[in-house]
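Peer 1: One file: my_file.cif (mmCIF, C-alpha atoms).
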```cif
data_target
#
loop_
_atom_site.label_atom_id
_atom_site.label_comp_id
_atom_site.auth_asym_id
_atom_site.auth_seq_id
_atom_site.Cartn_x
_atom_site.Cartn_y
_atom_site.Cartn_z
CA MET A 1 0.00 0.00 0.00
CA ASN A 2 1.34 3.43 -0.99
CA PRO A 3 -0.73 6.07 0.80
CA ARG A 4 -0.68 9.73 -0.07
CA PHE A 5 0.65 12.03 2.65
CA GLY A 6 -1.06 15.31 3.49
CA LEU A 7 -0.79 17.84 6.30
CA LEU A 8 -3.63 19.27 8.41
CA TRP A 9 -3.70 23.05 8.96
CA PRO A 10 -6.06 24.26 11.73
CA PHE A 11 -4.51 27.75 12.13
CA ARG A 12 -4.90 27.61 15.92
CA ASN A 13 -3.31 30.27 18.12
CA PRO A 14 -3.67 29.20 21.77
CA ALA A 15 -3.06 31.54 24.68
CA PHE A 16 -0.03 29.60 25.97
CA ASN A 17 2.02 30.61 22.91
CA ARG A 18 -0.04 33.31 21.20
CA VAL A 19 1.40 35.33 18.33
CA PRO A 20 -0.14 38.16 16.25
CA TRP A 21 -2.85 36.74 13.97
CA THR A 22 -1.16 38.15 10.88
CA ASP A 23 2.05 36.31 11.82
CA LEU A 24 0.17 33.04 12.34
CA TYR A 25 -1.48 33.16 8.92
CA ARG A 26 1.70 34.29 7.16
CA THR A 27 3.91 31.59 8.68
CA HIS A 28 1.42 28.78 8.18
CA LEU A 29 0.72 29.73 4.57
CA ASP A 30 4.49 29.80 4.02
CA LEU A 31 4.72 26.32 5.57
CA ILE A 32 1.99 25.05 3.25
CA VAL A 33 3.98 26.33 0.27
CA ASP A 34 7.09 24.62 1.72
CA SER A 35 5.16 21.35 2.09
CA GLU A 36 4.61 21.24 -1.67
CA SER A 37 8.34 21.48 -2.37
CA MET A 38 8.99 18.79 0.25
CA GLY A 39 6.79 16.33 -1.66
CA TYR A 40 3.61 16.23 0.40
CA ASP A 41 0.49 15.39 -1.59
CA HIS A 42 -2.26 17.32 0.15
CA CYS A 43 -2.99 20.45 2.16
CA TRP A 44 -6.01 19.69 4.36
CA LEU A 45 -7.95 22.54 6.02
CA THR A 46 -10.15 22.07 9.08
CA GLU A 47 -12.99 24.13 10.55
CA HIS A 48 -14.56 25.11 13.86
CA HIS A 49 -16.31 28.27 15.03
CA PHE A 50 -16.26 30.63 18.02
CA VAL A 51 -13.11 29.04 19.50
CA ASP A 52 -10.86 31.37 21.49
CA ASP A 53 -7.71 30.03 19.78
CA GLY A 54 -9.08 31.01 16.36
CA TYR A 55 -9.49 27.45 15.04
CA SER A 56 -9.91 28.33 11.35
CA PRO A 57 -13.57 29.25 10.79
CA SER A 58 -13.32 30.16 7.10
CA LEU A 59 -11.75 27.41 5.04
CA LEU A 60 -12.48 28.29 1.44
CA PRO A 61 -10.78 31.70 1.50
CA ILE A 62 -7.69 29.93 2.88
CA ALA A 63 -8.01 27.31 0.14
CA ALA A 64 -8.11 30.05 -2.48
CA GLY A 65 -5.01 31.64 -0.97
CA VAL A 66 -3.18 28.32 -1.10
CA ALA A 67 -4.30 27.82 -4.70
CA THR A 68 -2.63 31.05 -5.79
CA ARG A 69 0.70 30.13 -4.18
CA THR A 70 1.05 26.48 -5.20
CA SER A 71 0.94 24.48 -8.43
CA ARG A 72 0.88 20.76 -7.62
CA ILE A 73 -0.38 19.97 -4.13
CA ARG A 74 -4.06 19.13 -3.76
CA ILE A 75 -6.15 21.31 -1.47
CA GLY A 76 -8.93 19.75 0.58
CA THR A 77 -11.24 20.39 3.51
CA PHE A 78 -11.08 18.03 6.48
CA LEU A 79 -13.79 19.15 6.89
CA VAL A 80 -16.51 21.77 6.27
CA LEU A 81 -19.26 21.53 8.91
CA LEU A 82 -21.96 21.49 6.28
CA PRO A 83 -25.12 21.81 8.44
CA LEU A 84 -23.86 25.27 9.45
CA HIS A 85 -23.64 26.52 5.85
CA ASN A 86 -25.76 27.40 2.84
CA PRO A 87 -25.09 24.59 0.32
CA VAL A 88 -25.27 26.95 -2.68
CA ARG A 89 -22.58 29.15 -1.12
CA ILE A 90 -20.36 26.11 -0.46
CA ALA A 91 -20.88 24.86 -4.03
CA GLU A 92 -20.06 28.24 -5.58
CA ASP A 93 -16.98 28.75 -3.40
CA SER A 94 -15.81 25.18 -4.11
CA ALA A 95 -16.18 25.67 -7.85
CA THR A 96 -14.19 28.92 -7.63
CA VAL A 97 -11.36 27.28 -5.67
CA ASP A 98 -11.37 24.39 -8.14
CA LEU A 99 -10.87 26.85 -10.99
CA MET A 100 -8.24 28.89 -9.16
CA SER A 101 -6.27 25.72 -8.37
CA ASN A 102 -6.61 24.29 -11.89
CA GLY A 103 -8.62 21.31 -10.64
CA ARG A 104 -6.80 20.52 -7.37
CA PHE A 105 -9.69 20.86 -4.90
CA ASP A 106 -11.31 18.17 -2.72
CA LEU A 107 -14.45 18.96 -0.71
CA GLY A 108 -14.79 17.13 2.59
CA VAL A 109 -17.88 17.72 4.73
CA GLY A 110 -19.24 16.45 8.01
CA LEU A 111 -21.97 16.83 10.62
CA GLY A 112 -20.23 18.78 13.35
CA TYR A 113 -20.79 18.02 17.01
CA ARG A 114 -20.09 21.14 19.14
CA ARG A 115 -23.51 22.24 20.32
CA LYS A 116 -22.39 25.87 20.75
CA GLU A 117 -21.64 26.14 17.03
CA PHE A 118 -25.27 25.28 16.32
CA SER A 119 -27.16 26.89 19.19
CA ASP A 120 -25.38 30.24 18.90
CA GLN A 121 -26.61 30.49 15.31
CA GLY A 122 -30.14 29.25 15.95
CA ILE A 123 -29.63 25.95 14.12
CA PRO A 124 -31.18 22.94 15.89
CA HIS A 125 -28.49 20.40 16.72
CA GLN A 126 -30.88 17.52 16.04
CA GLU A 127 -31.26 18.60 12.39
CA ARG A 128 -27.59 17.90 11.60
CA GLY A 129 -28.09 14.62 9.78
CA ALA A 130 -30.98 15.81 7.65
CA ARG A 131 -29.19 19.06 6.78
CA LEU A 132 -26.04 17.19 5.78
CA GLN A 133 -27.88 14.68 3.63
CA GLU A 134 -29.94 17.30 1.80
CA GLY A 135 -27.05 19.74 1.48
CA ILE A 136 -24.45 17.34 0.10
CA ALA A 137 -26.87 15.97 -2.50
CA LEU A 138 -27.51 19.53 -3.70
CA ILE A 139 -23.81 20.37 -3.75
CA GLN A 140 -23.02 17.27 -5.82
CA ARG A 141 -25.62 18.28 -8.41
CA LEU A 142 -24.50 21.91 -8.48
CA LEU A 143 -20.82 21.00 -8.84
CA SER A 144 -21.78 18.66 -11.69
CA ASP A 145 -22.96 21.69 -13.70
CA GLU A 146 -26.63 20.79 -13.40
CA GLU A 147 -29.43 23.33 -13.38
CA VAL A 148 -31.16 22.59 -10.09
CA THR A 149 -34.73 23.20 -9.01
CA PHE A 150 -35.43 21.80 -5.58
CA ASP A 151 -38.05 22.17 -2.84
CA GLY A 152 -36.67 20.54 0.29
CA GLN A 153 -36.81 20.78 4.04
CA PHE A 154 -34.03 23.37 4.30
CA SER A 155 -33.38 24.63 0.75
CA ARG A 156 -35.66 25.91 -1.98
CA LEU A 157 -33.92 26.51 -5.29
CA ARG A 158 -35.29 27.58 -8.65
CA ASN A 159 -33.29 27.13 -11.84
CA ILE A 160 -29.92 27.43 -10.05
CA ARG A 161 -26.73 26.75 -12.01
CA ILE A 162 -23.21 27.60 -10.90
CA VAL A 163 -21.43 29.96 -13.28
CA PRO A 164 -18.53 29.51 -13.76
CA PRO A 165 -18.66 25.76 -13.14
CA ALA A 166 -16.07 23.63 -11.37
CA LEU A 167 -13.22 22.38 -13.52
CA GLN A 168 -13.07 18.73 -12.42
CA ARG A 169 -15.55 16.28 -13.92
CA PRO A 170 -18.02 14.97 -13.05
CA HIS A 171 -17.28 17.19 -10.01
CA PRO A 172 -14.44 17.74 -7.51
CA PRO A 173 -13.95 14.70 -5.24
CA ILE A 174 -16.44 14.77 -2.36
CA TRP A 175 -15.66 13.24 1.03
CA ILE A 176 -17.77 12.73 4.14
CA GLY A 177 -16.20 12.60 7.58
CA ALA A 178 -17.79 10.33 10.14
CA ILE A 179 -17.23 8.35 13.33
CA ALA A 180 -20.71 7.10 14.27
CA PRO A 181 -21.85 3.94 12.45
CA LYS A 182 -24.94 5.61 10.94
CA ALA A 183 -22.87 8.47 9.56
CA ILE A 184 -20.35 6.02 8.07
CA GLU A 185 -23.20 4.11 6.46
CA ARG A 186 -24.53 7.39 5.02
CA ALA A 187 -21.15 8.14 3.41
CA ALA A 188 -21.07 4.70 1.77
CA LYS A 189 -24.71 4.77 0.67
CA MET A 190 -24.26 8.16 -0.99
CA GLY A 191 -21.05 7.05 -2.72
CA PHE A 192 -18.59 9.55 -1.26
CA HIS A 193 -15.01 9.13 -0.09
CA PHE A 194 -14.46 8.68 3.66
CA GLN A 195 -12.62 10.84 6.19
CA VAL A 196 -12.09 9.28 9.61
CA VAL A 197 -10.44 9.93 12.95
CA GLY A 198 -9.61 6.75 14.82
CA PRO A 199 -8.71 3.10 14.30
CA PRO A 200 -8.51 1.86 10.70
CA ASP A 201 -11.11 -0.84 11.35
CA LEU A 202 -13.77 1.88 10.94
CA VAL A 203 -13.00 1.56 7.23
CA GLU A 204 -14.21 -2.06 7.33
CA HIS A 205 -17.67 -0.79 8.24
CA TYR A 206 -17.53 1.74 5.41
CA ASP A 207 -16.35 -0.86 2.88
CA LYS A 208 -19.06 -3.29 3.92
CA HIS A 209 -21.74 -0.70 3.22
CA LEU A 210 -20.10 0.33 -0.06
CA GLU A 211 -20.41 -3.28 -1.17
CA ALA A 212 -24.01 -3.45 0.07
CA ALA A 213 -24.73 -0.46 -2.17
CA GLY A 214 -23.17 -2.25 -5.15
CA ARG A 215 -19.93 -0.25 -5.08
CA ASN A 216 -16.32 -1.43 -5.27
CA PRO A 217 -14.35 -0.17 -2.22
CA GLN A 218 -11.21 0.08 -4.34
CA ASP A 219 -12.86 2.97 -6.20
CA TYR A 220 -13.14 5.02 -3.01
CA ASN A 221 -10.53 6.79 -0.92
CA THR A 222 -10.18 6.85 2.85
CA ALA A 223 -8.32 9.62 4.68
CA GLN A 224 -7.22 9.02 8.27
CA LEU A 225 -5.95 11.67 10.71
CA ARG A 226 -2.85 11.02 12.85
CA TRP A 227 -1.03 13.47 15.14
CA VAL A 228 2.68 13.64 14.33
CA HIS A 229 5.93 15.26 15.43
CA VAL A 230 9.35 13.87 14.62
CA ALA A 231 12.80 15.00 15.73
CA GLN A 232 16.33 13.58 15.80
CA SER A 233 15.70 11.98 19.23
CA ARG A 234 12.59 10.65 20.90
CA GLU A 235 13.26 12.79 23.97
CA GLN A 236 13.48 15.96 21.91
CA ALA A 237 10.31 15.13 19.99
CA TRP A 238 8.29 14.76 23.20
CA GLU A 239 9.79 17.89 24.71
CA ASN A 240 8.74 19.80 21.59
CA ALA A 241 5.24 18.39 21.20
CA ALA A 242 3.86 17.49 24.64
CA GLU A 243 2.32 20.85 25.58
CA SER A 244 0.65 21.22 22.19
CA LEU A 245 -0.63 17.64 22.24
CA HIS A 246 -1.98 18.05 25.75
CA TYR A 247 -3.78 21.24 24.78
CA THR A 248 -5.26 19.69 21.62
CA ALA A 249 -6.44 16.52 23.35
CA THR A 250 -7.93 18.42 26.29
CA ARG A 251 -9.93 20.77 24.09
CA TYR A 252 -11.30 17.95 21.92
CA ALA A 253 -12.19 15.95 25.03
CA GLN A 254 -14.11 18.90 26.47
CA TRP A 255 -16.04 19.31 23.21
CA PHE A 256 -16.85 15.60 23.00
CA ALA A 257 -18.06 15.61 26.60
CA GLU A 258 -20.30 18.61 25.92
CA ALA A 259 -21.74 17.02 22.78
CA ASN A 260 -22.14 13.57 24.40
CA ASP A 261 -23.12 12.08 21.03
CA LYS A 262 -22.22 8.51 21.89
CA PRO A 263 -21.68 6.38 25.01
CA GLY A 264 -18.49 7.31 26.82
CA ASP A 265 -18.18 10.83 25.37
CA ASP A 266 -19.08 12.33 28.75
CA LYS A 267 -15.90 10.77 30.16
CA ALA A 268 -13.65 11.84 27.27
CA ALA A 269 -11.63 14.22 29.44
CA GLU A 270 -10.83 11.61 32.08
CA GLY A 271 -7.33 10.17 32.21
CA ILE A 272 -5.53 12.72 30.04
CA PRO A 273 -1.98 12.77 31.45
CA SER A 274 -0.17 15.98 32.33
CA VAL A 275 2.48 17.42 30.05
CA ASP A 276 5.22 16.10 32.35
CA GLU A 277 3.63 12.63 32.37
CA MET A 278 3.51 12.59 28.56
CA ILE A 279 7.17 13.48 28.37
CA ALA A 280 8.10 10.85 30.95
CA LYS A 281 6.03 8.06 29.36
CA GLN A 282 6.83 9.05 25.76
CA HIS A 283 3.41 7.71 24.80
CA PHE A 284 -0.06 9.22 24.42
CA ASP A 285 -3.15 7.88 22.66
CA VAL A 286 -5.29 10.32 20.69
CA PHE A 287 -8.65 9.09 19.35
CA GLY A 288 -7.66 5.50 20.09
CA GLU A 289 -4.27 5.54 18.36
CA PRO A 290 -0.82 6.54 19.65
CA ALA A 291 0.46 9.98 18.73
CA ILE A 292 3.34 9.54 16.29
CA VAL A 293 5.97 11.37 18.31
CA GLY A 294 9.61 10.33 18.18
CA THR A 295 12.32 9.65 15.65
CA PRO A 296 11.75 8.88 11.97
CA GLU A 297 12.29 5.20 12.80
CA ASP A 298 9.55 5.41 15.47
CA ALA A 299 7.23 7.00 12.91
CA ARG A 300 7.97 4.31 10.31
CA GLN A 301 7.20 1.54 12.80
CA ILE A 302 3.95 3.08 14.06
CA LEU A 303 2.72 3.81 10.54
CA SER A 304 3.66 0.35 9.28
CA ASP A 305 1.53 -1.19 12.01
CA TYR A 306 -1.34 1.19 11.29
CA LEU A 307 -1.33 0.57 7.55
CA ALA A 308 -1.24 -3.19 8.10
CA ARG A 309 -4.51 -3.03 10.05
CA GLY A 310 -6.78 -1.54 7.42
CA ARG A 311 -7.26 0.13 4.08
CA VAL A 312 -5.77 3.62 3.99
CA THR A 313 -5.33 5.68 0.82
CA ASP A 314 -4.58 9.07 2.40
CA LEU A 315 -2.84 9.96 5.66
CA VAL A 316 -3.71 13.33 7.15
CA LEU A 317 -0.83 14.35 9.41
CA GLY A 318 -1.62 16.75 12.25
CA MET A 319 1.91 18.15 12.30
CA ALA A 320 0.97 21.84 12.69
CA LEU A 321 0.21 21.29 16.36
CA SER A 322 -1.57 24.08 18.24
CA GLY A 323 0.94 26.53 19.67
CA LEU A 324 3.98 24.79 18.21
CA GLU A 325 6.53 27.26 16.87
CA PRO A 326 6.82 27.40 13.06
CA HIS A 327 10.49 26.39 12.99
CA LEU A 328 9.63 23.20 14.93
CA ILE A 329 6.74 22.41 12.57
CA ARG A 330 9.05 22.93 9.59
CA SER A 331 11.85 20.75 10.99
CA SER A 332 9.36 17.94 11.65
CA MET A 333 7.93 18.30 8.13
CA GLU A 334 11.41 18.13 6.60
CA LEU A 335 12.55 15.14 8.63
CA PHE A 336 9.33 13.23 7.96
CA ALA A 337 9.51 13.96 4.22
CA LYS A 338 13.14 12.91 4.03
CA ASP A 339 13.22 9.85 6.29
CA VAL A 340 9.65 8.52 6.62
CA ILE A 341 7.67 9.05 3.42
CA PRO A 342 10.18 7.26 1.11
CA ALA A 343 9.71 4.05 3.11
CA PHE A 344 6.05 3.92 1.97
CA ARG A 345 6.50 4.78 -1.68
CA ASN A 346 7.59 2.55 -4.52
#
```
Please express what this file holds, its structure, as structure tokens.

Peer 2:
Amino acid sequence: MNPRFGLLWPFRNPAFNRVPWTDLYRTHLDLIVDSESMGYDHCWLTEHHFVDDGYSPSLLPIAAGVATRTSRIRIGTFLVLLPLHNPVRIAEDSATVDLMSNGRFDLGVGLGYRRKEFSDQGIPHQERGARLQEGIALIQRLLSDEEVTFDGQFSRLRNIRIVPPALQRPHPPIWIGAIAPKAIERAAKMGFHFQVVGPPDLVEHYDKHLEAAGRNPQDYNTAQLRWVHVAQSREQAWENAAESLHYTATRYAQWFAEANDKPGDDKAAEGIPSVDEMIAKQHFDVFGEPAIVGTPEDARQILSDYLARGRVTDLVLGMALSGLEPHLIRSSMELFAKDVIPAFRN
């Protein structure tokens, strides 16, 4: 298996290492440009709203900015929280980014789970699934250059066609992110690629439902998120990354506990070790898998095990850890590109 390697860019600016917002965006956009020259395949952008660290709330303008500064790397969303958006707006913006990038755009969407993101905008949390299903079907038609008339639960369109249309045909690749079994089944039933956070065996459930829908799993991509930082020594890698990892895991755990979407979410924040404990143990599980922190050899071993346990076409590497200084992100990117990626490519 020869997965593609992409990097996740959340543009987070936590209080423990805050910099001016203009500096954050400038340095991270520069790093994305650097990632293309290093040989990475994808720039993945991720979205949340009303977060005090600025977790990027506006993905498609960033995607357009990346498009103007790069020529090869693909640009994708991991992911747009579709129930919070107007599907026509997302379709038009996606088509524009696809044109600006000369056909290098991937649209990933998902439900969202933070209740504050919904309630503070007057959107009922319980409508997420229906809004996603209706919205993504509309977006697929609009990005396929159809003229769409539609009278649905949330959208009413009359003779709508995107002009100019997207470049890729039949439309830019569309992905759905999911963790819950029903959401995974929805992604397979609708025939979209799959974005996942967690163990690779979740892909087995997706593949089973692709087959049940008469589809060949080999025709569909799966992108899995892993948190990564590599350095010349394991000790140095943990010293660099522990505070950022602790911050990231703690914030996600708080959000999962507040959402309480599935059994056990209310206890998500329990058992997170301190920064000093992480450094001492040199091990920390995030979303059921160990953070890939250590030397390039450590990273090769952890990834080899992961890839042996399930079908993975795209790895999404959370290397731009919240609060980590740009020179440390860049050194990890360089070392990983030089000493890890070649081991997984023919």

Peer 1: The PyMOL selection byres ((chain A and resi 230-233) around 9) - which residues does that actually catch in the file I just gave you? List them as a list in words.

Peer 2: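 In the shown coordinates, the PyMOL selection byres ((chain A and resi 230-233) around 9) covers Val228, His229, Arg234, Glu235, Gln236, Ala237, Trp238, Asn240, Ala241, Ile292, Val293, Gly294, Thr295, Pro296, Asp298, Ala299, Met319, Leu328, Ser331, Ser332, Met333, Leu335 and Phe336 of chain A.
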
Peer 1: Can you check which parts of region 3-120 of chain A lie within 12 Å of region 182-195 of chain A? Per residue, the shortest pair of atoms and distance in Å to one decimal, counting all atoms listed in the file, sorted by chain and number, as a Markdown table.

Peer 2:
```
| residue | atom | partner | partner_atom | distance |
| --- | --- | --- | --- | --- |
| A:Trp44 | CA | A:Gln195 | CA | 11.2 |
| A:Thr46 | CA | A:Gln195 | CA | 11.9 |
| A:Gly76 | CA | A:Gln195 | CA | 11.2 |
| A:Thr77 | CA | A:Gln195 | CA | 10.0 |
| A:Phe78 | CA | A:Gln195 | CA | 7.4 |
| A:Leu79 | CA | A:Gln195 | CA | 8.4 |
| A:Val80 | CA | A:Gln195 | CA | 11.6 |
| A:Asp106 | CA | A:His193 | CA | 10.1 |
| A:Leu107 | CA | A:His193 | CA | 9.9 |
| A:Gly108 | CA | A:Gln195 | CA | 7.6 |
| A:Val109 | CA | A:Gln195 | CA | 8.8 |
| A:Gly110 | CA | A:Gln195 | CA | 8.9 |
| A:Leu111 | CA | A:Ala183 | CA | 8.5 |
| A:Gly112 | CA | A:Ala183 | CA | 11.3 |
```

Peer 1: Write out, as an mmCIF file, in the coordinates of the input, the residues just selected, with C-alpha atoms.

Peer 2:
```
data_model
loop_
_atom_site.group_PDB
_atom_site.id
_atom_site.type_symbol
_atom_site.label_atom_id
_atom_site.label_comp_id
_atom_site.auth_asym_id
_atom_site.auth_seq_id
_atom_site.Cartn_x
_atom_site.Cartn_y
_atom_site.Cartn_z
ATOM 1 C CA TRP A 44 -6.010 19.690 4.360
ATOM 2 C CA THR A 46 -10.150 22.070 9.080
ATOM 3 C CA GLY A 76 -8.930 19.750 0.580
ATOM 4 C CA THR A 77 -11.240 20.390 3.510
ATOM 5 C CA PHE A 78 -11.080 18.030 6.480
ATOM 6 C CA LEU A 79 -13.790 19.150 6.890
ATOM 7 C CA VAL A 80 -16.510 21.770 6.270
ATOM 8 C CA ASP A 106 -11.310 18.170 -2.720
ATOM 9 C CA LEU A 107 -14.450 18.960 -0.710
ATOM 10 C CA GLY A 108 -14.790 17.130 2.590
ATOM 11 C CA VAL A 109 -17.880 17.720 4.730
ATOM 12 C CA GLY A 110 -19.240 16.450 8.010
ATOM 13 C CA LEU A 111 -21.970 16.830 10.620
ATOM 14 C CA GLY A 112 -20.230 18.780 13.350
#
```

Peer 1: In Å, rounded to a single decimal, give me how far CA of Leu84 (chain A) is from CA of Ala64 (chain A).

Peer 2: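 Separation between CA of Ala64 (chain A) and CA of Leu84 (chain A): 20.3 Å.
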
Peer 1: For Gly54 (chain A), which residue out of A:Gly288, A:Gly264, A:Pro124, A:Gly323 is the nearest one, using only C-alpha atoms?

Peer 2: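 Under the stated criterion, the closest residue is A:Gly323.
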
Peer 1: So what does the PyMOL selection byres ((chain A and resi 134-140) around 8) actually pick up in this one, as an MDAnalysis selection string?

Peer 2: chainID A and resid 82:83 86:88 90:91 130:133 141:144 148 152 154 171 174

Peer 1: Kindly resolve the PyMOL selection byres ((chain A and resi 15-19) around 10) on the present coordinates and return the residues as a VMD selection string.

Peer 2: chain A and resid 12 to 14 20 to 24 52 to 53 243 to 244 247 322 to 325

Peer 1: Provide the CA of His42 (chain A) to CA of Pro217 (chain A) distance in Å, to one decimal place.

Peer 2: 21.4 Å

Peer 1: Using only C-alpha atoms, find the one residue out of A:Leu225, A:Phe50, A:Ile329, A:Met278 that sits nearest to Asp120 (chain A).

Peer 2: A:Phe50

Peer 1: Since the input is missing atoms for region 98-124 of chain A, could you rebuild it with N, CA and C atoms and give the result as an mmCIF file, in the coordinates of the input?

Peer 2:
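Okay, part.cif is ready:
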```cif
data_model
loop_
_atom_site.group_PDB
_atom_site.id
_atom_site.type_symbol
_atom_site.label_atom_id
_atom_site.label_comp_id
_atom_site.auth_asym_id
_atom_site.auth_seq_id
_atom_site.Cartn_x
_atom_site.Cartn_y
_atom_site.Cartn_z
ATOM 1 N N ASP A 98 -11.773 25.406 -7.164
ATOM 2 C CA ASP A 98 -11.370 24.390 -8.140
ATOM 3 C C ASP A 98 -10.789 25.039 -9.387
ATOM 4 N N LEU A 99 -11.398 26.133 -9.840
ATOM 5 C CA LEU A 99 -10.870 26.850 -10.990
ATOM 6 C C LEU A 99 -9.537 27.524 -10.668
ATOM 7 N N MET A 100 -9.464 28.184 -9.527
ATOM 8 C CA MET A 100 -8.240 28.890 -9.160
ATOM 9 C C MET A 100 -7.058 27.947 -8.983
ATOM 10 N N SER A 101 -7.338 26.708 -8.592
ATOM 11 C CA SER A 101 -6.270 25.720 -8.370
ATOM 12 C C SER A 101 -6.019 24.847 -9.583
ATOM 13 N N ASN A 102 -6.731 25.109 -10.676
ATOM 14 C CA ASN A 102 -6.610 24.290 -11.890
ATOM 15 C C ASN A 102 -6.979 22.830 -11.607
ATOM 16 N N GLY A 103 -8.086 22.651 -10.863
ATOM 17 C CA GLY A 103 -8.620 21.310 -10.640
ATOM 18 C C GLY A 103 -7.918 20.525 -9.553
ATOM 19 N N ARG A 104 -7.522 21.209 -8.463
ATOM 20 C CA ARG A 104 -6.800 20.520 -7.370
ATOM 21 C C ARG A 104 -7.600 20.499 -6.072
ATOM 22 N N PHE A 105 -8.906 20.706 -6.131
ATOM 23 C CA PHE A 105 -9.690 20.860 -4.900
ATOM 24 C C PHE A 105 -10.471 19.597 -4.563
ATOM 25 N N ASP A 106 -10.483 19.245 -3.274
ATOM 26 C CA ASP A 106 -11.310 18.170 -2.720
ATOM 27 C C ASP A 106 -12.219 18.776 -1.662
ATOM 28 N N LEU A 107 -13.503 18.451 -1.705
ATOM 29 C CA LEU A 107 -14.450 18.960 -0.710
ATOM 30 C C LEU A 107 -14.811 17.859 0.275
ATOM 31 N N GLY A 108 -14.393 18.036 1.515
ATOM 32 C CA GLY A 108 -14.790 17.130 2.590
ATOM 33 C C GLY A 108 -15.784 17.825 3.503
ATOM 34 N N VAL A 109 -16.851 17.137 3.866
ATOM 35 C CA VAL A 109 -17.880 17.720 4.730
ATOM 36 C C VAL A 109 -18.222 16.758 5.852
ATOM 37 N N GLY A 110 -18.809 17.290 6.903
ATOM 38 C CA GLY A 110 -19.240 16.450 8.010
ATOM 39 C C GLY A 110 -20.352 17.114 8.797
ATOM 40 N N LEU A 111 -20.823 16.401 9.826
ATOM 41 C CA LEU A 111 -21.970 16.830 10.620
ATOM 42 C C LEU A 111 -21.656 17.986 11.561
ATOM 43 N N GLY A 112 -20.487 17.932 12.204
ATOM 44 C CA GLY A 112 -20.230 18.780 13.350
ATOM 45 C C GLY A 112 -20.810 18.160 14.605
ATOM 46 N N TYR A 113 -20.310 18.603 15.752
ATOM 47 C CA TYR A 113 -20.790 18.020 17.010
ATOM 48 C C TYR A 113 -20.839 19.041 18.146
ATOM 49 N N ARG A 114 -20.085 20.146 18.058
ATOM 50 C CA ARG A 114 -20.090 21.140 19.140
ATOM 51 C C ARG A 114 -21.435 21.855 19.174
ATOM 52 N N ARG A 115 -22.162 21.682 20.251
ATOM 53 C CA ARG A 115 -23.510 22.240 20.320
ATOM 54 C C ARG A 115 -23.501 23.767 20.227
ATOM 55 N N LYS A 116 -22.461 24.408 20.774
ATOM 56 C CA LYS A 116 -22.390 25.870 20.750
ATOM 57 C C LYS A 116 -22.363 26.399 19.315
ATOM 58 N N GLU A 117 -21.710 25.681 18.420
ATOM 59 C CA GLU A 117 -21.640 26.140 17.030
ATOM 60 C C GLU A 117 -23.023 26.180 16.391
ATOM 61 N N PHE A 118 -23.902 25.309 16.846
ATOM 62 C CA PHE A 118 -25.270 25.280 16.320
ATOM 63 C C PHE A 118 -26.178 26.243 17.081
ATOM 64 N N SER A 119 -26.210 26.114 18.403
ATOM 65 C CA SER A 119 -27.160 26.890 19.190
ATOM 66 C C SER A 119 -26.926 28.387 19.073
ATOM 67 N N ASP A 120 -25.677 28.805 18.976
ATOM 68 C CA ASP A 120 -25.380 30.240 18.900
ATOM 69 C C ASP A 120 -25.778 30.846 17.549
ATOM 70 N N GLN A 121 -26.131 29.988 16.596
ATOM 71 C CA GLN A 121 -26.610 30.490 15.310
ATOM 72 C C GLN A 121 -28.071 30.119 15.061
ATOM 73 N N GLY A 122 -28.731 29.586 16.084
ATOM 74 C CA GLY A 122 -30.140 29.250 15.950
ATOM 75 C C GLY A 122 -30.425 28.056 15.066
ATOM 76 N N ILE A 123 -29.445 27.153 14.939
ATOM 77 C CA ILE A 123 -29.630 25.950 14.120
ATOM 78 C C ILE A 123 -29.813 24.760 15.051
ATOM 79 N N PRO A 124 -30.949 24.079 14.993
ATOM 80 C CA PRO A 124 -31.180 22.940 15.890
ATOM 81 C C PRO A 124 -30.145 21.833 15.684
#
```
